[in-house]
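Text of final34.cif, listed as mmCIF, C-alpha atoms and all ligand atoms:
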data_model
#
loop_
_atom_site.label_atom_id
_atom_site.label_comp_id
_atom_site.auth_asym_id
_atom_site.auth_seq_id
_atom_site.Cartn_x
_atom_site.Cartn_y
_atom_site.Cartn_z
CA MET A 1 0.32 17.76 -4.54
CA VAL A 2 -2.81 19.71 -3.66
CA GLU A 3 -3.91 20.39 -0.10
CA HIS A 4 -4.45 17.20 2.00
CA THR A 5 -8.06 17.95 2.72
CA LEU A 6 -8.81 18.08 -1.01
CA VAL A 7 -7.25 14.70 -1.78
CA THR A 8 -9.40 11.59 -1.57
CA ILE A 9 -7.66 8.24 -1.20
CA GLY A 10 -9.64 5.12 -2.11
CA ILE A 11 -8.31 1.84 -0.73
CA ILE A 12 -9.27 -1.34 -2.58
CA GLY A 13 -9.31 -4.12 0.02
CA GLY A 14 -9.13 -1.43 2.70
CA THR A 15 -10.94 -3.65 5.22
CA GLY A 16 -7.78 -5.75 5.60
CA LYS A 17 -4.81 -5.43 7.90
CA GLU A 18 -2.51 -3.33 5.71
CA GLY A 19 -5.14 -1.14 4.09
CA SER A 20 -6.93 -0.28 7.33
CA GLY A 21 -3.62 0.60 9.02
CA LEU A 22 -2.73 3.00 6.23
CA ALA A 23 -6.28 4.39 6.19
CA ALA A 24 -6.21 5.33 9.87
CA ARG A 25 -2.85 7.07 9.50
CA TRP A 26 -3.94 9.07 6.44
CA ALA A 27 -7.24 9.98 8.07
CA ARG A 28 -5.35 11.32 11.11
CA SER A 29 -3.20 13.38 8.70
CA GLY A 30 -6.22 15.09 7.18
CA TYR A 31 -6.83 13.10 4.02
CA ARG A 32 -10.32 12.01 3.04
CA VAL A 33 -10.12 8.21 2.93
CA ILE A 34 -12.62 5.74 1.50
CA ILE A 35 -12.26 2.13 2.59
CA GLY A 36 -13.27 -0.16 -0.25
CA SER A 37 -14.48 -3.75 -0.07
CA ARG A 38 -16.12 -6.31 -2.30
CA GLU A 39 -19.14 -5.73 -0.04
CA ALA A 40 -20.15 -2.17 0.87
CA ALA A 41 -21.69 -3.41 4.14
CA LYS A 42 -18.36 -4.94 5.21
CA ALA A 43 -16.59 -1.63 4.49
CA GLU A 44 -19.23 0.33 6.40
CA ALA A 45 -18.91 -1.97 9.42
CA LYS A 46 -15.12 -1.62 9.39
CA VAL A 47 -15.38 2.16 9.08
CA ALA A 48 -17.84 2.38 11.99
CA GLU A 49 -15.35 0.51 14.19
CA MET A 50 -12.39 2.62 13.03
CA ASN A 51 -14.19 5.96 13.27
CA ALA A 52 -15.14 5.11 16.86
CA GLU A 53 -11.45 4.55 17.62
CA LEU A 54 -10.41 7.71 15.76
CA GLY A 55 -13.10 9.72 17.52
CA SER A 56 -14.44 11.22 14.28
CA ALA A 57 -16.50 10.29 11.25
CA VAL A 58 -13.65 10.94 8.84
CA LEU A 59 -13.49 7.53 7.15
CA VAL A 60 -16.09 6.44 4.62
CA GLY A 61 -16.92 2.86 3.56
CA ALA A 62 -17.96 1.82 0.05
CA ASP A 63 -17.75 -0.99 -2.45
CA ASN A 64 -14.42 -1.08 -4.31
CA LEU A 65 -15.85 0.44 -7.50
CA SER A 66 -17.37 3.44 -5.69
CA ALA A 67 -14.16 3.91 -3.74
CA VAL A 68 -12.19 4.04 -6.99
CA GLN A 69 -14.67 6.36 -8.70
CA GLN A 70 -14.47 8.91 -5.86
CA ALA A 71 -10.71 8.72 -5.37
CA ASP A 72 -7.91 10.95 -6.62
CA ILE A 73 -5.36 8.31 -5.63
CA VAL A 74 -6.16 4.60 -5.37
CA VAL A 75 -4.30 2.19 -3.09
CA LEU A 76 -4.47 -1.55 -3.70
CA THR A 77 -4.13 -3.85 -0.68
CA VAL A 78 -5.41 -7.30 -1.59
CA PRO A 79 -3.72 -10.72 -1.44
CA TYR A 80 -1.75 -11.56 -4.59
CA ASP A 81 -4.10 -14.35 -5.62
CA ALA A 82 -6.86 -11.72 -5.91
CA HIS A 83 -4.65 -9.08 -7.56
CA ALA A 84 -5.28 -9.60 -11.30
CA ARG A 85 -8.96 -10.44 -10.85
CA THR A 86 -9.55 -7.34 -8.74
CA LEU A 87 -7.80 -5.04 -11.21
CA GLU A 88 -9.62 -6.55 -14.22
CA GLY A 89 -12.93 -5.67 -12.58
CA LEU A 90 -11.90 -2.07 -11.90
CA LYS A 91 -9.79 -1.40 -15.00
CA ASP A 92 -12.14 1.09 -16.67
CA ALA A 93 -12.75 3.07 -13.48
CA LEU A 94 -9.01 3.25 -12.78
CA GLN A 95 -8.12 5.00 -16.06
CA GLY A 96 -6.44 8.36 -15.49
CA LYS A 97 -5.62 7.62 -11.84
CA VAL A 98 -2.53 6.89 -9.80
CA VAL A 99 -2.62 3.36 -8.35
CA VAL A 100 -0.36 2.66 -5.39
CA ASP A 101 0.16 -1.09 -5.46
CA VAL A 102 1.11 -2.58 -2.07
CA THR A 103 0.66 -6.18 -3.18
CA VAL A 104 3.42 -8.67 -2.52
CA PRO A 105 3.37 -11.74 -4.78
CA LEU A 106 3.61 -14.25 -1.96
CA LYS A 107 3.05 -17.89 -2.80
CA PRO A 108 1.58 -19.60 0.28
CA PRO A 109 2.59 -21.63 2.10
CA ALA A 110 6.18 -20.63 1.19
CA VAL A 111 5.71 -16.96 2.18
CA ARG A 112 9.26 -16.65 3.48
CA THR A 113 10.81 -17.51 0.10
CA VAL A 114 11.01 -15.02 -2.78
CA ASN A 115 8.46 -15.70 -5.51
CA ILE A 116 8.91 -13.92 -8.85
CA PRO A 117 5.50 -13.92 -10.57
CA PRO A 118 5.03 -14.39 -14.34
CA GLY A 119 5.11 -10.61 -15.00
CA GLN A 120 8.25 -10.18 -12.82
CA SER A 121 6.48 -8.17 -10.13
CA ALA A 122 2.89 -7.57 -9.03
CA CYS A 123 3.29 -3.86 -9.84
CA MET A 124 4.53 -4.54 -13.36
CA GLU A 125 1.67 -6.98 -13.85
CA ALA A 126 -0.73 -4.25 -12.69
CA GLN A 127 0.78 -1.72 -15.12
CA ALA A 128 0.60 -4.19 -18.02
CA LEU A 129 -3.00 -5.08 -17.18
CA LEU A 130 -4.21 -1.49 -16.68
CA GLY A 131 -2.31 0.09 -19.58
CA SER A 132 -0.57 3.41 -19.99
CA GLY A 133 -3.63 5.42 -18.91
CA VAL A 134 -2.90 4.45 -15.30
CA LYS A 135 0.20 5.43 -13.32
CA VAL A 136 1.18 2.50 -11.13
CA VAL A 137 3.48 3.24 -8.20
CA ALA A 138 4.97 0.59 -5.91
CA ALA A 139 5.11 1.40 -2.18
CA PHE A 140 4.62 0.12 1.40
CA GLN A 141 5.37 -3.54 0.59
CA ASN A 142 8.04 -3.67 3.31
CA VAL A 143 5.99 -2.08 6.11
CA SER A 144 4.28 -4.50 8.47
CA ASN A 145 0.71 -3.79 9.47
CA THR A 146 1.78 -4.28 13.09
CA HIS A 147 3.44 -0.85 12.88
CA LEU A 148 0.66 0.78 10.89
CA GLN A 149 -1.90 -0.32 13.45
CA ASP A 150 -0.09 1.06 16.49
CA ASP A 151 -0.53 4.57 17.90
CA GLU A 152 3.08 5.70 17.50
CA GLU A 153 3.14 8.66 15.13
CA HIS A 154 6.49 7.72 13.60
CA VAL A 155 7.14 4.28 12.11
CA ASP A 156 10.79 3.22 12.07
CA CYS A 157 10.67 1.87 8.51
CA ASP A 158 11.44 3.50 5.18
CA VAL A 159 9.05 3.29 2.27
CA LEU A 160 10.80 2.54 -1.00
CA VAL A 161 8.77 4.09 -3.81
CA CYS A 162 9.14 2.98 -7.44
CA GLY A 163 7.37 4.17 -10.54
CA ASP A 164 7.78 5.52 -14.04
CA ASP A 165 6.02 8.87 -13.45
CA ALA A 166 8.00 11.39 -11.42
CA GLN A 167 5.00 13.39 -10.14
CA ALA A 168 3.06 10.28 -9.14
CA LYS A 169 6.11 9.03 -7.25
CA GLU A 170 6.46 12.37 -5.47
CA ASP A 171 2.78 12.27 -4.48
CA VAL A 172 3.26 8.79 -3.00
CA ILE A 173 6.38 9.88 -1.11
CA GLN A 174 4.15 12.54 0.50
CA LEU A 175 1.66 9.80 1.42
CA ALA A 176 4.46 7.88 3.14
CA VAL A 177 5.39 10.99 5.11
CA ALA A 178 1.74 11.55 6.04
CA ALA A 179 1.60 7.98 7.35
CA GLY A 180 4.62 8.62 9.62
CA MET A 181 7.46 7.23 7.50
CA ARG A 182 10.24 8.42 5.25
CA GLY A 183 9.46 7.89 1.57
CA ILE A 184 12.45 7.31 -0.69
CA ASP A 185 12.51 7.45 -4.49
CA ALA A 186 13.81 4.00 -5.38
CA GLY A 187 13.70 4.28 -9.16
CA PRO A 188 11.58 2.96 -12.01
CA LEU A 189 8.69 0.54 -11.62
CA GLN A 190 10.95 -2.34 -12.61
CA ASN A 191 12.79 -1.91 -9.30
CA ALA A 192 9.62 -3.18 -7.65
CA ILE A 193 10.97 -6.66 -8.44
CA ALA A 194 13.56 -6.11 -5.71
CA ILE A 195 11.26 -4.29 -3.32
CA GLU A 196 8.48 -6.88 -3.48
CA SER A 197 11.14 -9.57 -3.06
CA LEU A 198 12.39 -8.02 0.19
CA THR A 199 9.11 -8.81 1.94
CA PRO A 200 9.55 -12.61 2.06
CA VAL A 201 13.08 -11.92 3.35
CA ILE A 202 11.60 -9.75 6.12
CA LEU A 203 9.00 -12.43 6.91
CA TYR A 204 11.84 -14.95 7.22
CA ILE A 205 13.73 -12.61 9.57
CA ASN A 206 10.59 -12.09 11.68
CA ARG A 207 10.27 -15.81 12.25
CA LYS A 208 13.97 -16.49 12.70
CA TYR A 209 14.42 -13.78 15.35
CA LYS A 210 10.92 -14.11 16.85
CA VAL A 211 9.84 -10.54 16.10
CA LYS A 212 6.74 -9.20 14.36
CA GLY A 213 7.71 -6.05 12.53
CA ALA A 214 11.20 -6.16 11.04
CA GLY A 215 11.59 -3.51 8.36
CA ILE A 216 13.94 -1.68 6.03
CA VAL A 217 15.81 1.56 6.79
CA ILE A 218 18.21 3.03 4.22
CA THR A 219 21.38 4.44 5.78
CA GLY A 220 23.65 7.19 4.49
CA LEU A 221 20.99 9.54 3.15
CA GLU A 222 21.51 12.23 5.78
CA GLN A 223 24.21 14.02 3.77
CA GLY A 224 22.43 13.53 0.45
CA LYS A 225 20.71 16.13 -1.68
CA ALA A 226 17.11 15.36 -2.60
N1 LIG B 1 -0.25 -7.43 6.28
C1 LIG B 1 0.93 -6.86 6.17
O1 LIG B 1 1.63 -6.62 7.17
C2 LIG B 1 1.46 -6.46 4.81
C3 LIG B 1 2.66 -5.76 4.73
C4 LIG B 1 3.11 -5.37 3.47
C5 LIG B 1 2.39 -5.70 2.33
N2 LIG B 1 1.24 -6.41 2.46
C6 LIG B 1 0.52 -6.78 1.23
O2 LIG B 1 -0.68 -6.03 1.22
C7 LIG B 1 -1.73 -6.81 0.65
C8 LIG B 1 -2.85 -6.89 1.67
O3 LIG B 1 -2.40 -7.52 2.84
P1 LIG B 1 -3.37 -7.73 4.08
O4 LIG B 1 -2.57 -8.39 5.12
O5 LIG B 1 -4.09 -6.46 4.37
O6 LIG B 1 -4.39 -8.79 3.45
P2 LIG B 1 -5.77 -9.30 4.01
O7 LIG B 1 -6.11 -8.60 5.29
O8 LIG B 1 -5.72 -10.79 4.00
O9 LIG B 1 -6.77 -8.88 2.84
C9 LIG B 1 -7.02 -7.55 2.50
C10 LIG B 1 -8.40 -7.42 1.88
O10 LIG B 1 -8.39 -7.99 0.58
C11 LIG B 1 -9.70 -8.42 0.27
N3 LIG B 1 -9.64 -9.79 -0.24
C12 LIG B 1 -9.26 -10.90 0.42
N4 LIG B 1 -9.36 -11.98 -0.37
C13 LIG B 1 -9.83 -11.52 -1.54
C14 LIG B 1 -10.18 -12.16 -2.76
N5 LIG B 1 -10.04 -13.48 -2.92
N6 LIG B 1 -10.64 -11.39 -3.77
C15 LIG B 1 -10.77 -10.05 -3.62
N7 LIG B 1 -10.47 -9.40 -2.49
C16 LIG B 1 -10.00 -10.13 -1.47
C17 LIG B 1 -10.53 -8.41 1.55
O11 LIG B 1 -11.40 -7.30 1.49
P3 LIG B 1 -12.99 -7.49 1.29
O12 LIG B 1 -13.38 -8.86 1.78
O13 LIG B 1 -13.52 -6.41 2.17
O14 LIG B 1 -13.23 -7.28 -0.15
C18 LIG B 1 -9.47 -8.18 2.61
O15 LIG B 1 -9.95 -7.47 3.74
C19 LIG B 1 -1.12 -8.17 0.33
O16 LIG B 1 -0.78 -8.22 -1.03
C20 LIG B 1 0.10 -8.23 1.20
O17 LIG B 1 1.13 -9.05 0.66
C21 LIG B 1 0.74 -6.78 3.66
#
Spell out the structure here as structure tokens.
Amino acid sequence: MVEHTLVTIGIIGGTGKEGSGLAARWARSGYRVIIGSREAAKAEAKVAEMNAELGSAVLVGADNLSAVQQADIVVLTVPYDAHARTLEGLKDALQGKVVVDVTVPLKPPAVRTVNIPPGQSACMEAQALLGSGVKVVAAFQNVSNTHLQDDEEHVDCDVLVCGDDAQAKEDVIQLAVAAGMRGIDAGPLQNAIAIESLTPVILYINRKYKVKGAGIVITGLEQGKA
């Protein structure tokens, strides 16, 4: 991957809980980050608030299309019921880019029960919808925004990264590291079926044990060779 400061990340739905948490972490790591929204004014208001907290003017707000057009890497953080519609509207602008899909196909109100969507996983649906000109990578589905939003540099959760393009996956593993986590290559995009499905399990555990940010850590990697 090229130097941090030369990489622009555009976050579709970046005004939300997950996207804004990632945005702040990447901004602190030296990336240029554009927070996207359906309404530019909403993104600009969010960015003003976040830049004040960050103590710099590093984040930029824009409508989702402008965020995509300016980005080297695009991150998608919208609710599943807006997933296909959002991608349809941005399909042309996304051609040639890496799209990091964070979407979990939850089916409210049963958000603590695994839901397999028609295309098997949100990421596979995104890849099918966008076509082979876009490299979809699955990541961050198992990381709660409660951790992303806090000030701790390190987050005690692993990021399982799936995709069918080795370089794109490696770039996203670096994004996980920049956000304070360990990124782990978890195989082809099809493995996103399992990774997306872990999130309802985590949400169940959160409620059962009265915690907010249960997460996944892979053991046994310390002796491994990358
Ligand atoms: N929250 C978490 O802890 C967490 C953890 C892991 C994965 N995820 C996944 O990450 C994604 C985002 O989660 P979130 O909690 O950040 O969601 P959120 O705050 O509810 O929504 C994120 C953004 O999506 C946009 N949006 C909302 N409804 C929309 C619609 N009908 N059409 C188009 N855009 C819409 C909004 O942006 P604008 O109004 O500015 O356009 C909103 O700020 C979800 O798929 C979720 O499953 C979340």
- Item | Selection within 9 Å of ligand LIG 1 (chain B) by all atoms listed in the file, output as an MDAnalysis selection string | chainID A and resid 12:21 35:43 46 63:64 76:83 85:86 101:106 122 139:148 196 199 213
- Quick one: of A:Asp164, A:Asp158, A:Glu49, A:Glu153, who's nearest to Val137 of chain A, counting all atoms listed in the file?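 Ranked by minimum distance to Val137 of chain A, first place goes to A:Asp164.
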- Message: Taking 2 positions as the minimum chain separation for residues in the same chain, which residues sit within 8 Å of segment 185-189 of chain A when counting all atoms listed in the file? Answer as a ChimeraX atom specification.
- Response: /A:123-124,136-138,160-164,169-170,173,183,191-192
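In this model, the gap between atom CA of Trp26 of chain A and atom CA of Asp156 of chain A comes to 16.8 Å.
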- So which one's closest to Val33 of chain A, A:Glu125, A:Asp72, A:Asp171, A:Asp165? Using all atoms listed in the file, please. A:Asp72
- Note on the structure: re atom CA of Val7 of chain A and atom CA of Leu22 of chain A: distance 14.9 Å
- Message: I'd like to know which of A:Val47, A:Val114, A:Ala178, A:Ala128 is closest to Gly30 of chain A, using all atoms listed in the file.
- Response: A:Ala178
- Pick from A:Ser132, A:Glu152, A:Gly55, A:Cys157, whichever lies nearest to Ala214 of chain A using only C-alpha atoms: A:Cys157
- Query: Between atom CA of Val159 of chain A and atom CA of Pro200 of chain A, what is the spacing in Å?
  - Reply: 15.9 Å
- Query: From the set A:Ile216, A:Leu87, A:Ile11, A:Ala126, which residue has the shortest atom-to-atom contact distance to Gly61 of chain A, counting all atoms listed in the file?
  - Reply: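 Looking at the shortest contact to Gly61 of chain A, the residue is A:Ile11.
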- Ile193 of chain A: which residues within 8 Å, counting all atoms listed in the file, same-chain residues fewer than 4 positions away excluded, as a ChimeraX atom specification? /A:116,120-121,197
- Task: Using all atoms listed in the file, pick whichever of A:Ala168, A:Val155, A:Ala27, A:Leu59 has the shortest atom-to-atom distance to Val74 of chain A.
- Result: A:Ala168
- Item | Close residues, Ile73 of chain A itself excluded, 9 Å, only C-alpha atoms, min 5 positions apart in chain, as a PyMOL selection string | chain A and resi 7-11+68+97-100
